[in-house]
file query20.pdb (PDB, C-alpha atoms, pLDDT in the B column)
ATOM      1  CA  MET A   1      -1.195   2.514   1.718  1.00 53.00           C
ATOM      2  CA  ASN A   2      -4.100   3.516   3.891  1.00 49.00           C
ATOM      3  CA  ARG A   3      -3.236   5.243   7.156  1.00 48.00           C
ATOM      4  CA  GLN A   4      -4.084   3.717  10.497  1.00 44.00           C
ATOM      5  CA  GLY A   5      -7.721   4.159  11.404  1.00 47.00           C
ATOM      6  CA  LYS A   6      -8.733   5.041   7.853  1.00 61.00           C
ATOM      7  CA  ASN A   7      -9.265   1.541   6.507  1.00 67.00           C
ATOM      8  CA  GLY A   8     -12.070   0.481   8.854  1.00 78.00           C
ATOM      9  CA  ILE A   9     -10.574  -3.005   9.282  1.00 84.00           C
ATOM     10  CA  GLU A  10     -10.155  -3.736  12.979  1.00 87.00           C
ATOM     11  CA  TRP A  11      -7.513  -6.460  12.676  1.00 91.00           C
ATOM     12  CA  CYS A  12      -5.000  -4.521  10.570  1.00 91.00           C
ATOM     13  CA  ASP A  13      -3.272  -1.168  10.751  1.00 91.00           C
ATOM     14  CA  PHE A  14      -2.796  -0.587   7.019  1.00 89.00           C
ATOM     15  CA  THR A  15      -3.775  -2.005   3.670  1.00 89.00           C
ATOM     16  CA  TRP A  16      -1.334  -2.425   0.813  1.00 91.00           C
ATOM     17  CA  SER A  17      -2.196  -3.344  -2.744  1.00 89.00           C
ATOM     18  CA  PRO A  18       0.636  -3.231  -5.282  1.00 90.00           C
ATOM     19  CA  TYR A  19      -1.925  -4.642  -7.719  1.00 88.00           C
ATOM     20  CA  THR A  20      -5.535  -3.537  -7.882  1.00 89.00           C
ATOM     21  CA  GLY A  21      -8.361  -5.197  -9.712  1.00 87.00           C
ATOM     22  CA  CYS A  22      -9.012  -8.801 -10.484  1.00 85.00           C
ATOM     23  CA  LEU A  23     -10.089 -11.313 -13.069  1.00 83.00           C
ATOM     24  CA  GLY A  24     -12.097 -14.203 -11.718  1.00 75.00           C
ATOM     25  CA  PRO A  25     -11.892 -17.799 -12.932  1.00 72.00           C
ATOM     26  CA  ASN A  26     -13.885 -17.046 -16.092  1.00 74.00           C
ATOM     27  CA  GLY A  27     -11.945 -13.877 -16.976  1.00 73.00           C
ATOM     28  CA  THR A  28     -14.360 -11.437 -15.321  1.00 73.00           C
ATOM     29  CA  PRO A  29     -14.637 -10.278 -11.692  1.00 69.00           C
ATOM     30  CA  CYS A  30     -16.773 -12.426  -9.419  1.00 73.00           C
ATOM     31  CA  SER A  31     -20.304 -11.068  -9.065  1.00 74.00           C
ATOM     32  CA  TRP A  32     -20.112 -11.094  -5.235  1.00 77.00           C
ATOM     33  CA  CYS A  33     -16.792  -9.225  -4.946  1.00 81.00           C
ATOM     34  CA  TYR A  34     -16.836  -6.254  -2.539  1.00 83.00           C
ATOM     35  CA  ALA A  35     -13.591  -4.916  -4.027  1.00 85.00           C
ATOM     36  CA  LYS A  36     -15.153  -4.436  -7.466  1.00 86.00           C
ATOM     37  CA  ARG A  37     -17.789  -2.088  -6.040  1.00 87.00           C
ATOM     38  CA  ILE A  38     -15.131   0.001  -4.275  1.00 88.00           C
ATOM     39  CA  ALA A  39     -12.809   0.180  -7.290  1.00 89.00           C
ATOM     40  CA  GLU A  40     -15.567   1.119  -9.715  1.00 89.00           C
ATOM     41  CA  ARG A  41     -16.840   3.779  -7.331  1.00 92.00           C
ATOM     42  CA  PHE A  42     -13.421   5.449  -7.448  1.00 93.00           C
ATOM     43  CA  ARG A  43     -12.650   4.741 -11.145  1.00 94.00           C
ATOM     44  CA  GLY A  44     -10.318   7.390 -12.546  1.00 94.00           C
ATOM     45  CA  SER A  45      -8.795   8.262  -9.158  1.00 93.00           C
ATOM     46  CA  LYS A  46      -5.103   7.832  -8.357  1.00 89.00           C
ATOM     47  CA  ALA A  47      -5.945   4.689  -6.374  1.00 87.00           C
ATOM     48  CA  PHE A  48      -8.050   3.099  -9.142  1.00 91.00           C
ATOM     49  CA  PRO A  49      -7.176   4.720 -12.478  1.00 92.00           C
ATOM     50  CA  ASN A  50      -8.616   1.746 -14.388  1.00 92.00           C
ATOM     51  CA  GLY A  51     -11.471   0.864 -12.068  1.00 90.00           C
ATOM     52  CA  PHE A  52     -11.367  -2.882 -11.329  1.00 88.00           C
ATOM     53  CA  ALA A  53      -9.295  -3.816 -14.377  1.00 88.00           C
ATOM     54  CA  PRO A  54      -6.069  -5.456 -13.172  1.00 88.00           C
ATOM     55  CA  THR A  55      -3.513  -2.678 -12.690  1.00 90.00           C
ATOM     56  CA  TRP A  56       0.098  -2.898 -11.530  1.00 90.00           C
ATOM     57  CA  HIS A  57       1.296  -0.060  -9.249  1.00 92.00           C
ATOM     58  CA  PRO A  58       5.118  -0.375  -9.049  1.00 94.00           C
ATOM     59  CA  GLU A  59       5.330   2.910  -7.126  1.00 93.00           C
ATOM     60  CA  ARG A  60       3.653   1.150  -4.174  1.00 92.00           C
ATOM     61  CA  LEU A  61       6.228  -1.626  -3.764  1.00 93.00           C
ATOM     62  CA  ASP A  62       8.282   0.053  -1.050  1.00 94.00           C
ATOM     63  CA  GLU A  63       5.353   1.351   1.034  1.00 92.00           C
ATOM     64  CA  PRO A  64       5.605  -1.316   3.785  1.00 93.00           C
ATOM     65  CA  ARG A  65       9.322  -0.713   4.133  1.00 93.00           C
ATOM     66  CA  ARG A  66       8.734   2.990   4.787  1.00 92.00           C
ATOM     67  CA  ARG A  67       6.689   2.240   7.937  1.00 91.00           C
ATOM     68  CA  LYS A  68       8.435   3.642  11.011  1.00 91.00           C
ATOM     69  CA  THR A  69       6.680   1.333  13.483  1.00 91.00           C
ATOM     70  CA  PRO A  70       5.689  -2.335  13.373  1.00 92.00           C
ATOM     71  CA  SER A  71       2.304  -2.688  11.691  1.00 91.00           C
ATOM     72  CA  ARG A  72      -0.240  -5.319  10.756  1.00 93.00           C
ATOM     73  CA  ILE A  73      -0.561  -4.923   6.988  1.00 92.00           C
ATOM     74  CA  PHE A  74      -3.378  -6.438   4.938  1.00 92.00           C
ATOM     75  CA  CYS A  75      -1.644  -7.231   1.652  1.00 91.00           C
ATOM     76  CA  GLY A  76      -3.826  -7.280  -1.451  1.00 87.00           C
ATOM     77  CA  SER A  77      -7.023  -6.032   0.135  1.00 85.00           C
ATOM     78  CA  ILE A  78      -8.448  -4.974  -3.207  1.00 85.00           C
ATOM     79  CA  THR A  79      -7.081  -7.702  -5.490  1.00 84.00           C
ATOM     80  CA  ASP A  80      -6.226 -11.376  -5.811  1.00 80.00           C
ATOM     81  CA  LEU A  81      -2.430 -11.487  -5.633  1.00 81.00           C
ATOM     82  CA  PHE A  82      -2.474 -15.178  -6.503  1.00 80.00           C
ATOM     83  CA  GLY A  83      -4.738 -14.927  -9.525  1.00 76.00           C
ATOM     84  CA  GLU A  84      -3.446 -16.470 -12.738  1.00 75.00           C
ATOM     85  CA  TRP A  85      -3.469 -13.017 -14.367  1.00 72.00           C
ATOM     86  CA  VAL A  86      -0.833 -11.640 -11.942  1.00 71.00           C
TER      87      VAL A  86
END

call {"tool": "encode", "arguments": {"input": "query20.pdb", "output": "structure tokens"}}
result
Amino acid sequence: MNRQGKNGIEWCDFTWSPYTGCLGPNGTPCSWCYAKRIAERFRGSKAFPNGFAPTWHPERLDEPRRRKTPSRIFCGSITDLFGEWV
């Protein structure tokens, strides 16, 4: 989960993505997707080990619960949690 002030999104305090990556309606990421550019830029990192290929991160599931203060959390900022592939 990104720390407050590090995500650059003014309306949330943290981002949380237990899944990363996406498959669009035709089985490939949408050509206009901002998240694909970010994920591919950091391909091979701990955050995006598989680039924008759909990846499940079970170790992230309890991150919101570990927050010590109330927070506005953007869930799924780098994925489509409601995609058919999830």

call {"tool": "residues_near_point", "arguments": {"input": "query20.pdb", "point": "(-12.4, 2.0, -8.2)", "cutoff": "6 Å", "atoms": "only C-alpha atoms", "output": "list of chain:residue names"}}
result
A:Ile38, A:Ala39, A:Glu40, A:Arg41, A:Phe42, A:Arg43, A:Phe48, A:Gly51, A:Phe52

call {"tool": "closest_residue", "arguments": {"input": "query20.pdb", "among": "A:Pro70, A:Trp85, A:Phe14, A:Gly21", "to": "Ala47 (chain A)", "atoms": "all atoms listed in the file"}}
result
A:Gly21

call {"tool": "atom_distance", "arguments": {"input": "query20.pdb", "atom1": "CA of Gly44 (chain A)", "atom2": "CA of Arg67 (chain A)"}}
result
27.1 Å

call {"tool": "atom_distance", "arguments": {"input": "query20.pdb", "atom1": "CA of Thr55 (chain A)", "atom2": "CA of Gly8 (chain A)"}}
result
23.4 Å

call {"tool": "closest_residue", "arguments": {"input": "query20.pdb", "among": "A:Thr15, A:Thr20, A:Ser45, A:Ser31", "to": "Arg72 (chain A)", "atoms": "all atoms listed in the file"}}
result
A:Thr15

call {"tool": "resolve_selection", "arguments": {"input": "query20.pdb", "expression": "the PyMOL selection byres ((chain A and resi 16) around 10)", "output": "ChimeraX atom specification"}}
result
/A:1-2,14-15,17-20,60-61,63-64,73-78

call {"tool": "write_last_selection", "arguments": {"input": "query20.pdb", "atoms": "C-alpha atoms", "output": "CSV table (one decimal), in the coordinates of the input"}}
result
chain,number,residue,atom,x,y,z
A,1,MET,CA,-1.2,2.5,1.7
A,2,ASN,CA,-4.1,3.5,3.9
A,14,PHE,CA,-2.8,-0.6,7.0
A,15,THR,CA,-3.8,-2.0,3.7
A,17,SER,CA,-2.2,-3.3,-2.7
A,18,PRO,CA,0.6,-3.2,-5.3
A,19,TYR,CA,-1.9,-4.6,-7.7
A,20,THR,CA,-5.5,-3.5,-7.9
A,60,ARG,CA,3.7,1.2,-4.2
A,61,LEU,CA,6.2,-1.6,-3.8
A,63,GLU,CA,5.4,1.4,1.0
A,64,PRO,CA,5.6,-1.3,3.8
A,73,ILE,CA,-0.6,-4.9,7.0
A,74,PHE,CA,-3.4,-6.4,4.9
A,75,CYS,CA,-1.6,-7.2,1.7
A,76,GLY,CA,-3.8,-7.3,-1.5
A,77,SER,CA,-7.0,-6.0,0.1
A,78,ILE,CA,-8.4,-5.0,-3.2

call {"tool": "atom_distance", "arguments": {"input": "query20.pdb", "atom1": "CA of Gly24 (chain A)", "atom2": "CA of His57 (chain A)"}}
result
19.6 Å

call {"tool": "closest_residue", "arguments": {"input": "query20.pdb", "among": "A:Asp80, A:Ile9, A:Lys46, A:Lys68", "to": "Cys30 (chain A)", "atoms": "all atoms listed in the file"}}
result
A:Asp80

call {"tool": "closest_residue", "arguments": {"input": "query20.pdb", "among": "A:Glu59, A:Arg65, A:Ala35, A:Thr28", "to": "Thr79 (chain A)", "atoms": "all atoms listed in the file"}}
result
A:Ala35
